[in-house]
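This is run-v1.pdb. It holds PDB, C-alpha atoms.
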```pdb
MODEL        1
ATOM      1  CA  MET Z   1       0.000   0.000   0.000
ATOM      2  CA  LYS Z   2       1.289   3.409  -0.909
ATOM      3  CA  PRO Z   3      -0.455   6.751  -0.253
ATOM      4  CA  ILE Z   4      -0.166   9.240  -3.080
ATOM      5  CA  GLY Z   5       0.466  12.972  -2.973
ATOM      6  CA  LYS Z   6       0.471  14.712   0.410
ATOM      7  CA  TYR Z   7      -1.479  11.956   2.199
ATOM      8  CA  ILE Z   8       0.000  10.058   5.143
ATOM      9  CA  LEU Z   9      -1.108   6.639   6.417
ATOM     10  CA  ILE Z  10      -0.884   6.471  10.209
ATOM     11  CA  LYS Z  11      -1.751   4.191  13.092
ATOM     12  CA  THR Z  12      -3.227   6.057  16.083
ATOM     13  CA  ILE Z  13      -1.363   5.594  19.368
ATOM     14  CA  GLU Z  14      -3.588   5.441  22.447
ATOM     15  CA  GLU Z  15      -1.962   7.464  25.208
ATOM     16  CA  THR Z  16      -2.552   7.486  28.940
ATOM     17  CA  ILE Z  17      -2.724  11.138  29.860
ATOM     18  CA  LYS Z  18      -1.887  12.191  33.402
ATOM     19  CA  THR Z  19      -2.515  15.667  34.804
ATOM     20  CA  SER Z  20       0.133  17.535  36.793
ATOM     21  CA  SER Z  21      -1.649  16.518  40.013
ATOM     22  CA  GLY Z  22      -1.405  12.840  39.051
ATOM     23  CA  LEU Z  23      -4.973  12.175  37.881
ATOM     24  CA  ILE Z  24      -5.302   9.937  34.843
ATOM     25  CA  LEU Z  25      -7.787  11.193  32.266
ATOM     26  CA  SER Z  26     -10.446   8.801  31.008
ATOM     27  CA  ALA Z  27     -10.517   7.836  27.340
ATOM     28  CA  GLU Z  28     -13.546  10.088  26.870
ATOM     29  CA  ASP Z  29     -11.740  13.097  28.379
ATOM     30  CA  SER Z  30      -8.575  12.482  26.396
ATOM     31  CA  ASN Z  31     -10.617  12.284  23.159
ATOM     32  CA  GLN Z  32     -11.614  15.910  23.726
ATOM     33  CA  LEU Z  33      -8.003  17.080  23.396
ATOM     34  CA  ARG Z  34      -7.141  18.934  20.203
ATOM     35  CA  TYR Z  35      -4.240  16.696  19.089
ATOM     36  CA  LYS Z  36      -3.650  12.933  18.927
ATOM     37  CA  LYS Z  37      -0.457  10.948  18.689
ATOM     38  CA  GLY Z  38       0.174   8.630  15.762
ATOM     39  CA  LEU Z  39       2.832   6.466  14.158
ATOM     40  CA  VAL Z  40       3.566   7.027  10.475
ATOM     41  CA  VAL Z  41       3.078   3.746   8.614
ATOM     42  CA  LYS Z  42       3.700   5.170   5.140
ATOM     43  CA  PRO Z  43       4.110   8.770   3.911
ATOM     44  CA  GLY Z  44       2.712   9.821   0.538
ATOM     45  CA  THR Z  45       4.748  10.228  -2.628
ATOM     46  CA  GLU Z  46       5.047  14.033  -2.205
ATOM     47  CA  VAL Z  47       5.776  14.102   1.561
ATOM     48  CA  GLU Z  48       9.405  15.070   2.145
ATOM     49  CA  VAL Z  49       9.849  15.906   5.858
ATOM     50  CA  ILE Z  50       7.877  13.099   7.529
ATOM     51  CA  LYS Z  51       9.351   9.617   7.253
ATOM     52  CA  GLU Z  52       8.080   6.098   7.886
ATOM     53  CA  GLY Z  53       8.299   5.230  11.604
ATOM     54  CA  ASP Z  54       8.070   8.864  12.825
ATOM     55  CA  SER Z  55       5.828   9.624  15.799
ATOM     56  CA  ILE Z  56       3.630  12.638  15.160
ATOM     57  CA  TYR Z  57       0.892  14.735  16.712
ATOM     58  CA  TYR Z  58      -1.971  15.608  14.386
ATOM     59  CA  ASP Z  59      -5.289  17.453  14.560
ATOM     60  CA  THR Z  60      -8.022  15.124  15.906
ATOM     61  CA  ARG Z  61     -10.565  16.562  13.469
ATOM     62  CA  ALA Z  62      -8.393  15.653  10.496
ATOM     63  CA  GLY Z  63      -8.407  12.560   8.380
ATOM     64  CA  TYR Z  64     -10.493   9.508   7.772
ATOM     65  CA  SER Z  65     -10.329   5.992   9.156
ATOM     66  CA  MET Z  66     -10.185   2.989   6.883
ATOM     67  CA  VAL Z  67      -9.716  -0.743   7.328
ATOM     68  CA  ILE Z  68      -6.957  -2.387   5.297
ATOM     69  CA  ASN Z  69      -6.254  -6.100   5.791
ATOM     70  CA  SER Z  70      -8.438  -6.037   8.966
ATOM     71  CA  GLU Z  71      -6.289  -3.254  10.521
ATOM     72  CA  THR Z  72      -7.688   0.230  11.169
ATOM     73  CA  TYR Z  73      -5.591   3.110   9.843
ATOM     74  CA  THR Z  74      -6.103   6.855   9.590
ATOM     75  CA  ILE Z  75      -5.356   8.833   6.445
ATOM     76  CA  ILE Z  76      -4.396  12.483   7.006
ATOM     77  CA  VAL Z  77      -2.951  15.281   4.899
ATOM     78  CA  GLU Z  78       0.579  16.520   5.635
ATOM     79  CA  ARG Z  79      -0.684  19.978   6.675
ATOM     80  CA  ASP Z  80      -2.615  18.390   9.619
ATOM     81  CA  VAL Z  81       0.647  17.314  11.301
ATOM     82  CA  VAL Z  82       1.676  19.769  14.020
ATOM     83  CA  VAL Z  83       4.698  18.041  15.619
ATOM     84  CA  VAL Z  84       7.150  15.349  14.514
ATOM     85  CA  LEU Z  85       8.927  13.626  17.422
TER      86      LEU Z  85
ENDMDL
END
```

Is it possible to give me this structure as structure tokens?
Amino acid sequence: MKPIGKYILIKTIEETIKTSSGLILSAEDSNQLRYKKGLVVKPGTEVEVIKEGDSIYYDTRAGYSMVINSETYTIIVERDVVVVL
């Protein structure tokens, strides 16, 4: 599988988010955060900065989910990436 153009195929990483006081946020609360963490499975043909295997933060409102070979992936556009780790 190979995304074309500026599209990026990612796998969402579920994070446990802890507040500064030590409370762990529920999955519902953490879904209300603006950005999610993901692992780049395959960058598109026109993506130059983001490489396969990079961890990224992207806008939660961006992209679409799709099932490929019984695995769920998210497809986003390069401009929706805010941080590359």

Let me know the centre plus edge lengths, in Å and rounded to one decimal, of a box with edges along x, y and z that contains all listed atoms of range 11-16 of chain Z and is padded by 8 Å on every side, as lines of an AutoDock Vina configuration file.
```
center_x = -2.5
center_y = 5.8
center_z = 21.0
size_x = 18.2
size_y = 19.3
size_z = 31.8
```

- [ ] Step by step, work through what the PyMOL selection byres ((chain Z and resi 71-78) around 8) selects in the shown file, and finish by giving those residues as a list of chain:residue names.
- [x]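 For this structure, the PyMOL selection byres ((chain Z and resi 71-78) around 8) captures Z:Lys6, Z:Tyr7, Z:Ile8, Z:Leu9, Z:Ile10, Z:Lys11, Z:Thr12, Z:Val47, Z:Ala62, Z:Gly63, Z:Tyr64, Z:Ser65, Z:Met66, Z:Val67, Z:Ile68, Z:Asn69, Z:Ser70, Z:Arg79, Z:Asp80, Z:Val81.
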
Selected by the PyMOL selection byres ((chain Z and resi 34-40) around 10) in the shown coordinates: which residues, as a PDB file with C-alpha atoms, in the coordinates of the input?
```
ATOM      1  CA  ILE Z   8       0.000  10.058   5.143  1.00  0.00           C
ATOM      2  CA  LEU Z   9      -1.108   6.639   6.417  1.00  0.00           C
ATOM      3  CA  ILE Z  10      -0.884   6.471  10.209  1.00  0.00           C
ATOM      4  CA  LYS Z  11      -1.751   4.191  13.092  1.00  0.00           C
ATOM      5  CA  THR Z  12      -3.227   6.057  16.083  1.00  0.00           C
ATOM      6  CA  ILE Z  13      -1.363   5.594  19.368  1.00  0.00           C
ATOM      7  CA  GLU Z  14      -3.588   5.441  22.447  1.00  0.00           C
ATOM      8  CA  GLU Z  15      -1.962   7.464  25.208  1.00  0.00           C
ATOM      9  CA  SER Z  30      -8.575  12.482  26.396  1.00  0.00           C
ATOM     10  CA  ASN Z  31     -10.617  12.284  23.159  1.00  0.00           C
ATOM     11  CA  GLN Z  32     -11.614  15.910  23.726  1.00  0.00           C
ATOM     12  CA  LEU Z  33      -8.003  17.080  23.396  1.00  0.00           C
ATOM     13  CA  VAL Z  41       3.078   3.746   8.614  1.00  0.00           C
ATOM     14  CA  LYS Z  42       3.700   5.170   5.140  1.00  0.00           C
ATOM     15  CA  PRO Z  43       4.110   8.770   3.911  1.00  0.00           C
ATOM     16  CA  ILE Z  50       7.877  13.099   7.529  1.00  0.00           C
ATOM     17  CA  LYS Z  51       9.351   9.617   7.253  1.00  0.00           C
ATOM     18  CA  GLU Z  52       8.080   6.098   7.886  1.00  0.00           C
ATOM     19  CA  GLY Z  53       8.299   5.230  11.604  1.00  0.00           C
ATOM     20  CA  ASP Z  54       8.070   8.864  12.825  1.00  0.00           C
ATOM     21  CA  SER Z  55       5.828   9.624  15.799  1.00  0.00           C
ATOM     22  CA  ILE Z  56       3.630  12.638  15.160  1.00  0.00           C
ATOM     23  CA  TYR Z  57       0.892  14.735  16.712  1.00  0.00           C
ATOM     24  CA  TYR Z  58      -1.971  15.608  14.386  1.00  0.00           C
ATOM     25  CA  ASP Z  59      -5.289  17.453  14.560  1.00  0.00           C
ATOM     26  CA  THR Z  60      -8.022  15.124  15.906  1.00  0.00           C
ATOM     27  CA  ARG Z  61     -10.565  16.562  13.469  1.00  0.00           C
ATOM     28  CA  ALA Z  62      -8.393  15.653  10.496  1.00  0.00           C
ATOM     29  CA  TYR Z  73      -5.591   3.110   9.843  1.00  0.00           C
ATOM     30  CA  THR Z  74      -6.103   6.855   9.590  1.00  0.00           C
ATOM     31  CA  ILE Z  75      -5.356   8.833   6.445  1.00  0.00           C
ATOM     32  CA  ASP Z  80      -2.615  18.390   9.619  1.00  0.00           C
ATOM     33  CA  VAL Z  81       0.647  17.314  11.301  1.00  0.00           C
ATOM     34  CA  VAL Z  82       1.676  19.769  14.020  1.00  0.00           C
ATOM     35  CA  VAL Z  83       4.698  18.041  15.619  1.00  0.00           C
ATOM     36  CA  VAL Z  84       7.150  15.349  14.514  1.00  0.00           C
ATOM     37  CA  LEU Z  85       8.927  13.626  17.422  1.00  0.00           C
TER      38      LEU Z  85
END
```

Would you list the contacts of Gly5 in chain Z as a PDB file with C-alpha atoms, in the coordinates of the input, taking every protein, DNA or RNA residue within 7 Å and counting all atoms listed in the file, but skipping same-chain residues closer than 5 positions in sequence?
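Written file, selection.pdb:
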```
ATOM      1  CA  GLY Z  44       2.712   9.821   0.538  1.00  0.00           C
ATOM      2  CA  THR Z  45       4.748  10.228  -2.628  1.00  0.00           C
ATOM      3  CA  GLU Z  46       5.047  14.033  -2.205  1.00  0.00           C
TER       4      GLU Z  46
END
```

Reconstruct N, CA and C atoms of range 39-60 of chain Z from the incomplete input and present them as a compact mmCIF listing (two decimals), keeping the file's coordinate frame.
```
# COMPACT_ATOMS: atom_id res chain seq x y z
N LEU Z 39 1.60 7.02 14.71
CA LEU Z 39 2.83 6.47 14.16
C LEU Z 39 2.68 6.42 12.65
N VAL Z 40 3.63 6.99 11.93
CA VAL Z 40 3.57 7.03 10.48
C VAL Z 40 3.88 5.64 9.92
N VAL Z 41 2.90 5.06 9.24
CA VAL Z 41 3.08 3.75 8.61
C VAL Z 41 3.71 3.94 7.23
N LYS Z 42 3.17 4.91 6.48
CA LYS Z 42 3.70 5.17 5.14
C LYS Z 42 3.37 6.60 4.74
N PRO Z 43 4.38 7.42 4.42
CA PRO Z 43 4.11 8.77 3.91
C PRO Z 43 3.79 8.72 2.42
N GLY Z 44 3.08 9.74 1.95
CA GLY Z 44 2.71 9.82 0.54
C GLY Z 44 3.91 10.11 -0.36
N THR Z 45 3.68 10.06 -1.65
CA THR Z 45 4.75 10.23 -2.63
C THR Z 45 5.33 11.64 -2.66
N GLU Z 46 4.57 12.65 -2.20
CA GLU Z 46 5.05 14.03 -2.20
C GLU Z 46 5.40 14.56 -0.82
N VAL Z 47 5.43 13.70 0.20
CA VAL Z 47 5.78 14.10 1.56
C VAL Z 47 7.28 13.98 1.72
N GLU Z 48 7.94 15.08 2.07
CA GLU Z 48 9.40 15.07 2.14
C GLU Z 48 9.96 15.06 3.57
N VAL Z 49 9.30 15.73 4.51
CA VAL Z 49 9.85 15.91 5.86
C VAL Z 49 9.52 14.73 6.77
N ILE Z 50 8.34 14.16 6.64
CA ILE Z 50 7.88 13.10 7.53
C ILE Z 50 8.24 11.75 6.92
N LYS Z 51 8.86 10.91 7.73
CA LYS Z 51 9.35 9.62 7.25
C LYS Z 51 8.60 8.46 7.92
N GLU Z 52 8.67 7.30 7.32
CA GLU Z 52 8.08 6.10 7.89
C GLU Z 52 8.68 5.82 9.26
N GLY Z 53 7.83 5.52 10.25
CA GLY Z 53 8.30 5.23 11.60
C GLY Z 53 8.33 6.44 12.52
N ASP Z 54 8.12 7.66 11.99
CA ASP Z 54 8.07 8.86 12.82
C ASP Z 54 6.83 8.85 13.71
N SER Z 55 6.98 9.37 14.93
CA SER Z 55 5.83 9.62 15.80
C SER Z 55 5.42 11.07 15.57
N ILE Z 56 4.12 11.30 15.46
CA ILE Z 56 3.63 12.64 15.16
C ILE Z 56 2.44 12.98 16.06
N TYR Z 57 2.15 14.27 16.15
CA TYR Z 57 0.89 14.74 16.71
C TYR Z 57 0.14 15.39 15.57
N TYR Z 58 -1.16 15.07 15.47
CA TYR Z 58 -1.97 15.61 14.39
C TYR Z 58 -3.33 16.06 14.93
N ASP Z 59 -3.99 16.91 14.19
CA ASP Z 59 -5.29 17.45 14.56
C ASP Z 59 -6.31 16.32 14.62
N THR Z 60 -7.06 16.22 15.74
CA THR Z 60 -8.02 15.12 15.91
C THR Z 60 -9.18 15.21 14.92
```
